[in-house]
Structures are given as C-alpha cells and as structure tokens.
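Undergrad: Just one file: target33.pdb, with PDB, C-alpha atoms.
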```
ATOM      1  CA  MET A 298     -19.530  -4.677 -24.054
ATOM      2  CA  TYR A 299     -17.794  -6.539 -26.898
ATOM      3  CA  ASN A 300     -14.475  -8.125 -25.987
ATOM      4  CA  ALA A 301     -12.431  -9.714 -28.789
ATOM      5  CA  LEU A 302     -10.457 -11.875 -26.338
ATOM      6  CA  GLU A 303     -13.580 -13.756 -25.295
ATOM      7  CA  THR A 304     -14.057 -14.963 -28.878
ATOM      8  CA  LEU A 305     -10.676 -16.730 -28.894
ATOM      9  CA  THR A 306     -10.601 -20.405 -27.993
ATOM     10  CA  VAL A 307      -7.038 -20.145 -26.653
ATOM     11  CA  TYR A 308      -8.089 -17.379 -24.260
ATOM     12  CA  LYS A 309     -11.092 -19.358 -23.028
ATOM     13  CA  ASP A 310      -8.778 -22.326 -22.357
ATOM     14  CA  LEU A 311      -6.365 -20.098 -20.446
ATOM     15  CA  GLU A 312      -9.112 -18.611 -18.292
ATOM     16  CA  ARG A 313     -10.567 -22.043 -17.584
ATOM     17  CA  GLU A 314      -7.181 -23.420 -16.480
ATOM     18  CA  LEU A 315      -6.580 -20.451 -14.171
ATOM     19  CA  MET A 316      -9.922 -21.050 -12.497
ATOM     20  CA  LYS A 317      -9.131 -24.699 -11.721
ATOM     21  CA  ALA A 318      -6.204 -24.358  -9.302
ATOM     22  CA  PRO A 319      -3.089 -22.203  -8.762
ATOM     23  CA  ALA A 320      -0.454 -23.421 -11.211
ATOM     24  CA  PRO A 321       2.147 -21.844 -13.513
ATOM     25  CA  LEU A 322       0.817 -21.265 -17.014
ATOM     26  CA  SER A 323       2.946 -20.010 -19.894
ATOM     27  CA  VAL A 324       1.697 -17.670 -22.611
ATOM     28  CA  SER A 325       4.001 -16.723 -25.484
ATOM     29  CA  GLY A 326       3.794 -14.643 -28.635
ATOM     30  CA  CYS A 327       2.204 -11.525 -27.080
ATOM     31  CA  MET A 328       3.314  -8.019 -27.981
ATOM     32  CA  GLU A 329       3.785  -5.575 -25.065
ATOM     33  CA  SER A 330       0.426  -3.888 -25.624
ATOM     34  CA  GLN A 331      -1.280  -7.284 -25.850
ATOM     35  CA  LYS A 332       0.216  -8.273 -22.499
ATOM     36  CA  MET A 333      -1.513  -5.322 -20.857
ATOM     37  CA  THR A 334      -4.902  -6.217 -22.339
ATOM     38  CA  LEU A 335      -4.527  -9.887 -21.428
ATOM     39  CA  ALA A 336      -3.426  -9.104 -17.861
ATOM     40  CA  ALA A 337      -6.310  -6.682 -17.287
ATOM     41  CA  GLN A 338      -8.852  -9.148 -18.678
ATOM     42  CA  LEU A 339      -7.603 -12.064 -16.574
ATOM     43  CA  ALA A 340      -7.409  -9.912 -13.442
ATOM     44  CA  ALA A 341     -11.085  -9.038 -13.921
ATOM     45  CA  ARG A 342     -12.064 -12.692 -14.246
ATOM     46  CA  VAL A 343      -9.919 -14.378 -11.603
ATOM     47  CA  PRO A 344     -10.930 -13.611  -7.979
ATOM     48  CA  GLY A 345      -8.494 -11.868  -5.657
ATOM     49  CA  TRP A 346      -5.353  -9.923  -6.458
ATOM     50  CA  ALA A 347      -3.204 -10.205  -9.569
ATOM     51  CA  LEU A 348       0.583  -9.746  -9.580
ATOM     52  CA  TYR A 349       2.314  -8.198 -12.605
ATOM     53  CA  VAL A 350       6.122  -8.478 -12.462
ATOM     54  CA  CYS A 351       8.401  -6.318 -14.622
ATOM     55  CA  ALA A 352      12.132  -6.340 -15.283
ATOM     56  CA  ASP A 353      12.802  -2.842 -13.923
ATOM     57  CA  GLU A 354      11.162   0.234 -12.406
ATOM     58  CA  ARG A 355      10.756   2.003 -15.743
ATOM     59  CA  GLN A 356       8.759  -0.871 -17.173
ATOM     60  CA  ALA A 357       6.768  -1.173 -13.940
ATOM     61  CA  ALA A 358       5.764   2.494 -14.011
ATOM     62  CA  GLN A 359       4.672   2.211 -17.656
ATOM     63  CA  ALA A 360       2.771  -1.024 -17.003
ATOM     64  CA  ALA A 361       0.958   0.508 -14.014
ATOM     65  CA  ALA A 362      -0.084   3.500 -16.127
ATOM     66  CA  ASP A 363      -1.284   1.307 -19.006
ATOM     67  CA  LEU A 364      -3.157  -1.146 -16.790
ATOM     68  CA  SER A 365      -4.919   1.679 -14.935
ATOM     69  CA  GLY A 366      -6.813   2.513 -18.114
ATOM     70  CA  LEU A 367      -7.804  -1.094 -18.766
ATOM     71  CA  VAL A 368      -8.887  -2.665 -15.481
ATOM     72  CA  GLU A 369     -12.577  -3.385 -15.037
ATOM     73  CA  LYS A 370     -12.566  -3.687 -11.246
ATOM     74  CA  GLY A 371     -10.217  -2.822  -8.396
ATOM     75  CA  GLY A 372      -7.226  -0.573  -8.836
ATOM     76  CA  VAL A 373      -3.631  -0.759  -9.978
ATOM     77  CA  TRP A 374      -0.858  -0.114  -7.471
ATOM     78  CA  GLN A 375       2.892  -0.059  -7.959
ATOM     79  CA  TYR A 376       5.231  -1.444  -5.294
ATOM     80  CA  PRO A 377       8.722  -0.102  -6.107
ATOM     81  CA  ALA A 378      12.009  -1.578  -4.949
ATOM     82  CA  LYS A 379      14.271   0.296  -2.555
ATOM     83  CA  ASP A 380      16.639   2.507  -4.550
ATOM     84  CA  LEU A 381      20.026   1.952  -2.936
ATOM     85  CA  LEU A 382      21.322   5.331  -4.147
ATOM     86  CA  PHE A 383      18.340   7.507  -3.246
ATOM     87  CA  TYR A 384      16.312   5.562  -0.668
ATOM     88  CA  SER A 385      17.832   7.506   2.233
ATOM     89  CA  SER A 386      17.434  10.919   0.623
ATOM     90  CA  ASP A 387      14.663  13.136   1.990
ATOM     91  CA  ILE A 388      12.595  13.701  -1.157
ATOM     92  CA  HIS A 389      13.094  10.607  -3.295
ATOM     93  CA  GLY A 390      13.204   8.284  -0.294
ATOM     94  CA  SER A 391       9.931   9.621   1.120
ATOM     95  CA  PHE A 392       8.248   9.202  -2.269
ATOM     96  CA  ILE A 393       9.326   5.553  -2.467
ATOM     97  CA  ILE A 394       8.197   4.862   1.110
ATOM     98  CA  ASN A 395       4.799   6.476   0.487
ATOM     99  CA  GLN A 396       4.321   4.505  -2.713
ATOM    100  CA  ARG A 397       5.260   1.226  -1.047
ATOM    101  CA  MET A 398       3.055   1.850   1.996
ATOM    102  CA  ASP A 399       0.132   2.914  -0.188
ATOM    103  CA  ALA A 400       0.366  -0.378  -2.080
ATOM    104  CA  VAL A 401       0.507  -2.328   1.196
ATOM    105  CA  ARG A 402      -2.516  -0.410   2.513
ATOM    106  CA  HIS A 403      -4.614  -1.379  -0.502
ATOM    107  CA  LEU A 404      -3.469  -4.992  -0.238
ATOM    108  CA  LEU A 405      -4.804  -4.980   3.313
ATOM    109  CA  GLU A 406      -8.075  -3.199   2.642
ATOM    110  CA  ASP A 407      -9.111  -4.145  -0.915
ATOM    111  CA  GLU A 408     -10.379  -7.528  -2.086
ATOM    112  CA  THR A 409      -9.212  -7.148  -5.688
ATOM    113  CA  GLY A 410      -6.615  -5.236  -7.656
ATOM    114  CA  ILE A 411      -3.397  -5.528  -9.620
ATOM    115  CA  LEU A 412      -0.029  -5.107  -7.930
ATOM    116  CA  VAL A 413       2.725  -4.067 -10.324
ATOM    117  CA  THR A 414       6.279  -4.604  -9.131
ATOM    118  CA  THR A 415       9.757  -5.757 -10.126
ATOM    119  CA  VAL A 416      11.955  -8.765  -9.440
ATOM    120  CA  ASP A 417      14.125  -6.620  -7.127
ATOM    121  CA  ALA A 418      11.106  -5.523  -5.081
ATOM    122  CA  LEU A 419       9.968  -9.139  -4.724
ATOM    123  CA  MET A 420      13.223  -9.854  -2.874
ATOM    124  CA  ASP A 421      12.010  -7.703   0.045
ATOM    125  CA  LYS A 422      10.774  -9.661   3.035
ATOM    126  CA  ILE A 423       7.549  -8.144   4.367
ATOM    127  CA  PRO A 424       4.976  -9.519   6.856
ATOM    128  CA  SER A 425       1.944 -11.358   5.530
ATOM    129  CA  ARG A 426      -1.454  -9.665   5.440
ATOM    130  CA  GLU A 427      -2.577 -11.840   8.354
ATOM    131  CA  THR A 428       0.438 -10.814  10.444
ATOM    132  CA  VAL A 429      -0.072  -7.108   9.753
ATOM    133  CA  ARG A 430      -3.782  -7.331  10.556
ATOM    134  CA  SER A 431      -3.105  -9.162  13.814
ATOM    135  CA  ARG A 432      -0.752  -6.380  14.937
ATOM    136  CA  ARG A 433      -3.140  -3.502  14.326
ATOM    137  CA  PHE A 434      -3.451  -1.087  17.221
ATOM    138  CA  ARG A 435      -6.380   1.232  18.028
ATOM    139  CA  VAL A 436      -5.938   4.663  19.625
ATOM    140  CA  TYR A 437      -9.011   6.566  20.829
ATOM    141  CA  GLU A 438      -9.996   9.688  22.744
ATOM    142  CA  GLY A 439     -10.087   9.001  26.481
ATOM    143  CA  MET A 440      -7.538   6.193  26.225
ATOM    144  CA  ILE A 441      -5.153   6.011  29.175
ATOM    145  CA  ILE A 442      -1.581   5.584  27.958
ATOM    146  CA  THR A 443       1.630   7.545  28.397
ATOM    147  CA  THR A 444       3.438   9.108  25.459
ATOM    148  CA  ARG A 445       6.418   6.888  26.294
ATOM    149  CA  ASN A 446       4.360   3.701  26.165
ATOM    150  CA  LEU A 447       2.659   4.796  22.953
ATOM    151  CA  SER A 448       6.102   5.400  21.461
ATOM    152  CA  ARG A 449       7.157   1.899  22.446
ATOM    153  CA  VAL A 450       4.062   0.407  20.833
ATOM    154  CA  LEU A 451       4.631   2.328  17.613
ATOM    155  CA  THR A 452       8.289   1.327  17.474
ATOM    156  CA  GLY A 453       7.274  -2.301  18.009
ATOM    157  CA  LEU A 454       4.852  -2.020  15.089
ATOM    158  CA  GLY A 455       7.692  -0.910  12.836
ATOM    159  CA  TYR A 456       7.165   2.865  12.873
ATOM    160  CA  GLU A 457      10.207   5.112  12.558
ATOM    161  CA  HIS A 458      10.789   7.814  15.179
ATOM    162  CA  MET A 459      11.406  11.152  13.430
ATOM    163  CA  ALA A 460      11.655  14.796  14.429
ATOM    164  CA  GLN A 461       8.680  15.487  12.126
ATOM    165  CA  VAL A 462       6.430  13.098  10.228
ATOM    166  CA  GLU A 463       6.615  13.325   6.457
ATOM    167  CA  ALA A 464       5.773   9.844   5.209
ATOM    168  CA  MET A 465       3.704   6.807   6.108
ATOM    169  CA  GLY A 466       5.217   4.683   8.842
ATOM    170  CA  GLN A 467       6.678   7.577  10.855
ATOM    171  CA  TYR A 468       5.869   9.161  14.212
ATOM    172  CA  ALA A 469       7.147  12.135  16.245
ATOM    173  CA  VAL A 470       6.860  13.119  19.899
ATOM    174  CA  ARG A 471       6.888  16.686  21.208
ATOM    175  CA  GLY A 472       5.946  17.018  24.862
ATOM    176  CA  GLY A 473       2.321  15.990  25.212
ATOM    177  CA  ILE A 474       1.777  15.642  21.457
ATOM    178  CA  VAL A 475       2.360  12.544  19.326
ATOM    179  CA  ASP A 476       2.163  12.862  15.548
ATOM    180  CA  ILE A 477       1.687   9.630  13.638
ATOM    181  CA  TYR A 478       1.380   8.833   9.940
ATOM    182  CA  PRO A 479      -0.457   5.472   9.899
ATOM    183  CA  MET A 480       0.540   2.992   7.222
ATOM    184  CA  THR A 481      -3.114   2.463   6.345
ATOM    185  CA  MET A 482      -4.236   6.108   6.272
ATOM    186  CA  GLU A 483      -3.910   8.855   3.669
ATOM    187  CA  GLU A 484      -3.260  11.592   6.255
ATOM    188  CA  PRO A 485      -1.139  11.925   9.398
ATOM    189  CA  TYR A 486      -2.790  12.429  12.787
ATOM    190  CA  ARG A 487      -1.953  14.576  15.824
ATOM    191  CA  ILE A 488      -2.700  13.024  19.206
ATOM    192  CA  GLU A 489      -2.839  15.528  22.057
ATOM    193  CA  PHE A 490      -2.552  14.327  25.642
ATOM    194  CA  PHE A 491      -3.915  15.665  28.911
ATOM    195  CA  ASP A 492      -1.575  14.080  31.437
ATOM    196  CA  ASP A 493      -1.731  10.339  30.571
ATOM    197  CA  GLU A 494      -5.075  10.518  28.768
ATOM    198  CA  ILE A 495      -5.596  11.092  25.058
ATOM    199  CA  ASP A 496      -7.572  14.338  24.810
ATOM    200  CA  THR A 497      -8.041  14.877  21.061
ATOM    201  CA  ILE A 498      -7.108  13.251  17.766
ATOM    202  CA  ARG A 499      -6.997  15.343  14.612
ATOM    203  CA  SER A 500      -5.815  14.740  11.067
ATOM    204  CA  PHE A 501      -3.480  17.412   9.731
ATOM    205  CA  ASP A 502      -1.654  18.567   6.636
ATOM    206  CA  PRO A 503       2.052  17.604   6.957
ATOM    207  CA  ALA A 504       3.074  20.515   4.723
ATOM    208  CA  THR A 505       1.290  23.294   6.628
ATOM    209  CA  GLN A 506       0.829  21.506   9.985
ATOM    210  CA  ARG A 507      -2.778  22.757  10.025
ATOM    211  CA  SER A 508      -5.534  20.575  11.471
ATOM    212  CA  ILE A 509      -8.115  19.143   9.069
ATOM    213  CA  ASP A 510     -10.692  17.029  10.899
ATOM    214  CA  ARG A 511     -11.218  15.686  14.381
ATOM    215  CA  THR A 512     -11.843  11.980  14.889
ATOM    216  CA  GLU A 513     -12.640   9.837  17.889
ATOM    217  CA  SER A 514     -10.201   7.050  17.051
ATOM    218  CA  ILE A 515      -7.666   5.723  14.557
ATOM    219  CA  GLU A 516      -6.550   2.175  13.871
ATOM    220  CA  HIS A 517      -3.120   1.381  12.483
TER     221      HIS A 517
END
```
How would this structure read if it were set down as structure tokens?
TA:
Amino acid sequence: MYNALETLTVYKDLERELMKAPAPLSVSGCMESQKMTLAAQLAARVPGWALYVCADERQAAQAAADLSGLVEKGGVWQYPAKDLLFYSSDIHGSFIINQRMDAVRHLLEDETGILVTTVDALMDKIPSRETVRSRRFRVYEGMIITTRNLSRVLTGLGYEHMAQVEAMGQYAVRGGIVDIYPMTMEEPYRIEFFDDEIDTIRSFDPATQRSIDRTESIEH
C-alpha cells in the first residue's frame, strides 16, 4: 500500500532516530490532521505502546476517534482524567471509571496500541503494569475461602465495596453470593458459595442481573 510519508526524507530520519533509543524529538509545522497521520504511522513502526497527549478531554476524544481510523495495528484507547464535578455522580462517574479501567486492561493485555490522554490525566498516580500483574488473584470453582476473606482480598486489590456492581473495579456481597466486576474483564461475575467453598461462577448482565455463561475460574 502506497504511503506518501515513506517517500519523505525528513520522515525517514525521524523514524530512524526513534528506533535508536528513547529520547525527546521535536516535530513542528504539522497541521492537526497531519499530526494524526504521523502519529498513526509512527505507532505502527515503533514497537510497543504509543502515548498521544492532548490539552483537554475534547481534543482527546476527537484524537482517539481520528486515530482509530488510521492505525495499522493494535487499538486506540482513551484514558480520561477524573472530572471533579461529575466523577462522583452515578452515570457520568461510572462511564469515566469504565473508560479508564478499559484502557488499563488493554495496557495489561495488549502488546501494542495507542493510549490517548490529557495532561490532567497524566497527573494520576497509578501502579505500574508489573505491580498490577504481580497482584492478580485467581478465583475458581471448588476454592475454599470465606466471603469475608474474599472481600478483604478484593479490598486490598483496590476494589470498591458497593451495594450493587455497576462498573469495573467494584464488588458486592449478599449472603453467600459475591458479585465482582474485574478490572480486566468486559463482564461482571457472580460467585455463589456453598458454605466456605465456591460452588459456581457465572458472568451476568449488570442491567438485567441475568446469568450469561458459566466459567470454572476468573483471574483479576
């Protein structure tokens, strides 16, 4: 496939310098649309993840949409900043949490991609990928653990105890049932106990509370 950028000497020099070693490189004179094309092309050439930083959330959302149609490999994920006015509200806050956790999940699981974010979001202190991976916890059918101890483990991993799970990073306890929305899964799961033994694990729809599929184990 023909790519006009690859015919430019200045682009070849830029790509070659990026391949040498991590170092700040400055590129000037690009229009906004040209920035998208350049970022997508470099992200496809340079191994690993690419970070695209915008001035505000509006620009980040537009950049994520534009880049999604240009990337050759991997995906594009937006990591929004916490909105101080709406972060605690039920609807808007849950949307932000889901979007942030979805981006973190792909950072953990995918080898390549583009993360679009803002300067404000970069001020957040989050654990490294190695730290998150080292703290992963596996739950499986037949496991012997009390609901209280499982709650303690989940709280220690950073999960929020709620009356009902609605977003990634939350869990709820009702008698012998523990609902959990893993930070690395697209669906929440319902863990049913028989005394102190995990009897069944099923994914479910948080809107209807109906079970979807049964699984032998989950890792989060």
Undergrad: Any idea what the distance is between CA of Lys379 in chain A and CA of Asp417 in chain A?
TA: 8.3 Å
Undergrad: With all atoms listed in the file as the basis for distance, which of A:Leu335, A:Val324, A:Val307, A:Ala378 is at the shortest distance from Lys422 in chain A?
TA: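 Once distances to Lys422 in chain A are computed over all atoms listed in the file, the minimum belongs to A:Ala378.
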Undergrad: Hey, which bits of range 346-452 of chain A sit within 6 Å of range 483-504 of chain A, and for each residue what's the closest pair of atoms and how far apart in Å (one decimal), counting all atoms listed in the file, rows by chain and increasing number, as JSON lines?
TA:
```
{"residue": "A:Glu438", "atom": "CA", "partner": "A:Ile495", "partner_atom": "CA", "distance": 5.2}
{"residue": "A:Gly439", "atom": "CA", "partner": "A:Ile495", "partner_atom": "CA", "distance": 5.2}
{"residue": "A:Met440", "atom": "CA", "partner": "A:Ile495", "partner_atom": "CA", "distance": 5.4}
{"residue": "A:Ile441", "atom": "CA", "partner": "A:Glu494", "partner_atom": "CA", "distance": 4.5}
{"residue": "A:Ile442", "atom": "CA", "partner": "A:Asp493", "partner_atom": "CA", "distance": 5.4}
{"residue": "A:Thr443", "atom": "CA", "partner": "A:Asp493", "partner_atom": "CA", "distance": 4.9}
```
Undergrad: Using only C-alpha atoms, find the one residue out of A:Met420, A:Ile411, A:Met398, A:Leu339 that sits nearest to Tyr478 in chain A.
TA: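 Of the candidates, the smallest distance to Tyr478 in chain A is held by A:Met398.
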Undergrad: So which residues get picked by the PyMOL selection byres ((chain A and resi 367) around 12) here, written as a ChimeraX atom specification?
TA: /A:330-341,360-366,368-373,410-411
Undergrad: Using CA of Phe434 in chain A and CA of Glu463 in chain A as the two end points, give the distance in Å to one decimal.
TA: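 Rounded to one decimal, the two atoms are 20.6 Å apart.
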Undergrad: Quick one: distance from CA of Val436 in chain A to CA of Ile477 in chain A in Å, one decimal?
TA: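 Taking CA of Val436 in chain A as the start and CA of Ile477 in chain A as the end point, the length is 10.9 Å.
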Undergrad: Rank A:Met328, A:Val416, A:Cys351, A:Ile474 by their smallest atom-to-atom distance to Gln461 in chain A, using all atoms listed in the file, and report the top residue only.
TA: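 Selected residue with least distance to Gln461 in chain A: A:Ile474.
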Undergrad: Generate the missing atoms of range 319-353 of chain A up to N, CA and C atoms and report them as a PDB file, in the coordinates of the input.
TA:
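The resulting file, rebuild16.pdb, is reproduced below:
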```pdb
ATOM      1  N   PRO A 319      -4.321 -22.975  -8.548  1.00  0.00           N
ATOM      2  CA  PRO A 319      -3.089 -22.203  -8.762  1.00  0.00           C
ATOM      3  C   PRO A 319      -1.991 -23.078  -9.370  1.00  0.00           C
ATOM      4  N   ALA A 320      -1.520 -22.680 -10.535  1.00  0.00           N
ATOM      5  CA  ALA A 320      -0.454 -23.421 -11.211  1.00  0.00           C
ATOM      6  C   ALA A 320       0.186 -22.523 -12.252  1.00  0.00           C
ATOM      7  N   PRO A 321       1.485 -22.675 -12.495  1.00  0.00           N
ATOM      8  CA  PRO A 321       2.147 -21.844 -13.513  1.00  0.00           C
ATOM      9  C   PRO A 321       1.605 -22.152 -14.913  1.00  0.00           C
ATOM     10  N   LEU A 322       1.241 -21.127 -15.631  1.00  0.00           N
ATOM     11  CA  LEU A 322       0.817 -21.265 -17.014  1.00  0.00           C
ATOM     12  C   LEU A 322       1.656 -20.335 -17.873  1.00  0.00           C
ATOM     13  N   SER A 323       2.079 -20.799 -19.013  1.00  0.00           N
ATOM     14  CA  SER A 323       2.946 -20.010 -19.894  1.00  0.00           C
ATOM     15  C   SER A 323       2.167 -19.543 -21.116  1.00  0.00           C
ATOM     16  N   VAL A 324       2.307 -18.256 -21.414  1.00  0.00           N
ATOM     17  CA  VAL A 324       1.697 -17.670 -22.611  1.00  0.00           C
ATOM     18  C   VAL A 324       2.802 -16.985 -23.398  1.00  0.00           C
ATOM     19  N   SER A 325       2.937 -17.303 -24.659  1.00  0.00           N
ATOM     20  CA  SER A 325       4.001 -16.723 -25.484  1.00  0.00           C
ATOM     21  C   SER A 325       3.410 -16.117 -26.751  1.00  0.00           C
ATOM     22  N   GLY A 326       4.201 -15.234 -27.363  1.00  0.00           N
ATOM     23  CA  GLY A 326       3.794 -14.643 -28.635  1.00  0.00           C
ATOM     24  C   GLY A 326       3.059 -13.329 -28.507  1.00  0.00           C
ATOM     25  N   CYS A 327       2.923 -12.791 -27.269  1.00  0.00           N
ATOM     26  CA  CYS A 327       2.204 -11.525 -27.080  1.00  0.00           C
ATOM     27  C   CYS A 327       3.127 -10.325 -27.263  1.00  0.00           C
ATOM     28  N   MET A 328       2.625  -9.299 -27.944  1.00  0.00           N
ATOM     29  CA  MET A 328       3.314  -8.019 -27.981  1.00  0.00           C
ATOM     30  C   MET A 328       3.095  -7.317 -26.644  1.00  0.00           C
ATOM     31  N   GLU A 329       3.876  -6.251 -26.358  1.00  0.00           N
ATOM     32  CA  GLU A 329       3.785  -5.575 -25.065  1.00  0.00           C
ATOM     33  C   GLU A 329       2.388  -5.036 -24.801  1.00  0.00           C
ATOM     34  N   SER A 330       1.772  -4.429 -25.803  1.00  0.00           N
ATOM     35  CA  SER A 330       0.426  -3.888 -25.624  1.00  0.00           C
ATOM     36  C   SER A 330      -0.594  -4.999 -25.396  1.00  0.00           C
ATOM     37  N   GLN A 331      -0.380  -6.154 -26.021  1.00  0.00           N
ATOM     38  CA  GLN A 331      -1.280  -7.284 -25.850  1.00  0.00           C
ATOM     39  C   GLN A 331      -1.174  -7.868 -24.443  1.00  0.00           C
ATOM     40  N   LYS A 332       0.025  -7.791 -23.862  1.00  0.00           N
ATOM     41  CA  LYS A 332       0.216  -8.273 -22.499  1.00  0.00           C
ATOM     42  C   LYS A 332      -0.647  -7.478 -21.520  1.00  0.00           C
ATOM     43  N   MET A 333      -0.716  -6.168 -21.737  1.00  0.00           N
ATOM     44  CA  MET A 333      -1.513  -5.322 -20.857  1.00  0.00           C
ATOM     45  C   MET A 333      -2.987  -5.699 -20.924  1.00  0.00           C
ATOM     46  N   THR A 334      -3.496  -5.871 -22.149  1.00  0.00           N
ATOM     47  CA  THR A 334      -4.902  -6.217 -22.339  1.00  0.00           C
ATOM     48  C   THR A 334      -5.216  -7.576 -21.735  1.00  0.00           C
ATOM     49  N   LEU A 335      -4.325  -8.537 -21.963  1.00  0.00           N
ATOM     50  CA  LEU A 335      -4.527  -9.887 -21.428  1.00  0.00           C
ATOM     51  C   LEU A 335      -4.500  -9.882 -19.895  1.00  0.00           C
ATOM     52  N   ALA A 336      -3.541  -9.167 -19.325  1.00  0.00           N
ATOM     53  CA  ALA A 336      -3.426  -9.104 -17.861  1.00  0.00           C
ATOM     54  C   ALA A 336      -4.659  -8.460 -17.243  1.00  0.00           C
ATOM     55  N   ALA A 337      -5.132  -7.369 -17.817  1.00  0.00           N
ATOM     56  CA  ALA A 337      -6.310  -6.682 -17.287  1.00  0.00           C
ATOM     57  C   ALA A 337      -7.546  -7.558 -17.375  1.00  0.00           C
ATOM     58  N   GLN A 338      -7.688  -8.282 -18.495  1.00  0.00           N
ATOM     59  CA  GLN A 338      -8.852  -9.148 -18.678  1.00  0.00           C
ATOM     60  C   GLN A 338      -8.844 -10.309 -17.685  1.00  0.00           C
ATOM     61  N   LEU A 339      -7.692 -10.935 -17.504  1.00  0.00           N
ATOM     62  CA  LEU A 339      -7.603 -12.064 -16.574  1.00  0.00           C
ATOM     63  C   LEU A 339      -7.792 -11.613 -15.128  1.00  0.00           C
ATOM     64  N   ALA A 340      -7.253 -10.434 -14.800  1.00  0.00           N
ATOM     65  CA  ALA A 340      -7.409  -9.912 -13.442  1.00  0.00           C
ATOM     66  C   ALA A 340      -8.874  -9.662 -13.118  1.00  0.00           C
ATOM     67  N   ALA A 341      -9.661  -9.290 -14.125  1.00  0.00           N
ATOM     68  CA  ALA A 341     -11.085  -9.038 -13.921  1.00  0.00           C
ATOM     69  C   ALA A 341     -11.870 -10.329 -13.751  1.00  0.00           C
ATOM     70  N   ARG A 342     -11.350 -11.420 -14.294  1.00  0.00           N
ATOM     71  CA  ARG A 342     -12.064 -12.692 -14.246  1.00  0.00           C
ATOM     72  C   ARG A 342     -11.679 -13.540 -13.034  1.00  0.00           C
ATOM     73  N   VAL A 343     -10.402 -13.535 -12.698  1.00  0.00           N
ATOM     74  CA  VAL A 343      -9.919 -14.378 -11.603  1.00  0.00           C
ATOM     75  C   VAL A 343     -10.109 -13.647 -10.282  1.00  0.00           C
ATOM     76  N   PRO A 344     -10.697 -14.284  -9.267  1.00  0.00           N
ATOM     77  CA  PRO A 344     -10.930 -13.611  -7.979  1.00  0.00           C
ATOM     78  C   PRO A 344      -9.635 -13.287  -7.252  1.00  0.00           C
ATOM     79  N   GLY A 345      -9.670 -12.246  -6.440  1.00  0.00           N
ATOM     80  CA  GLY A 345      -8.494 -11.868  -5.657  1.00  0.00           C
ATOM     81  C   GLY A 345      -7.569 -10.933  -6.402  1.00  0.00           C
ATOM     82  N   TRP A 346      -6.356 -10.827  -5.900  1.00  0.00           N
ATOM     83  CA  TRP A 346      -5.353  -9.923  -6.458  1.00  0.00           C
ATOM     84  C   TRP A 346      -4.551 -10.587  -7.571  1.00  0.00           C
ATOM     85  N   ALA A 347      -4.084  -9.748  -8.498  1.00  0.00           N
ATOM     86  CA  ALA A 347      -3.204 -10.205  -9.569  1.00  0.00           C
ATOM     87  C   ALA A 347      -1.844  -9.533  -9.405  1.00  0.00           C
ATOM     88  N   LEU A 348      -0.781 -10.266  -9.701  1.00  0.00           N
ATOM     89  CA  LEU A 348       0.583  -9.746  -9.580  1.00  0.00           C
ATOM     90  C   LEU A 348       1.200  -9.641 -10.962  1.00  0.00           C
ATOM     91  N   TYR A 349       1.675  -8.437 -11.308  1.00  0.00           N
ATOM     92  CA  TYR A 349       2.314  -8.198 -12.605  1.00  0.00           C
ATOM     93  C   TYR A 349       3.763  -7.813 -12.343  1.00  0.00           C
ATOM     94  N   VAL A 350       4.703  -8.670 -12.760  1.00  0.00           N
ATOM     95  CA  VAL A 350       6.122  -8.478 -12.462  1.00  0.00           C
ATOM     96  C   VAL A 350       6.866  -7.991 -13.695  1.00  0.00           C
ATOM     97  N   CYS A 351       7.627  -6.912 -13.528  1.00  0.00           N
ATOM     98  CA  CYS A 351       8.401  -6.318 -14.622  1.00  0.00           C
ATOM     99  C   CYS A 351       9.898  -6.460 -14.358  1.00  0.00           C
ATOM    100  N   ALA A 352      10.682  -6.197 -15.394  1.00  0.00           N
ATOM    101  CA  ALA A 352      12.132  -6.340 -15.283  1.00  0.00           C
ATOM    102  C   ALA A 352      12.773  -5.202 -14.502  1.00  0.00           C
ATOM    103  N   ASP A 353      12.226  -3.983 -14.624  1.00  0.00           N
ATOM    104  CA  ASP A 353      12.802  -2.842 -13.923  1.00  0.00           C
ATOM    105  C   ASP A 353      11.718  -1.824 -13.588  1.00  0.00           C
TER     106      ASP A 353
END
```
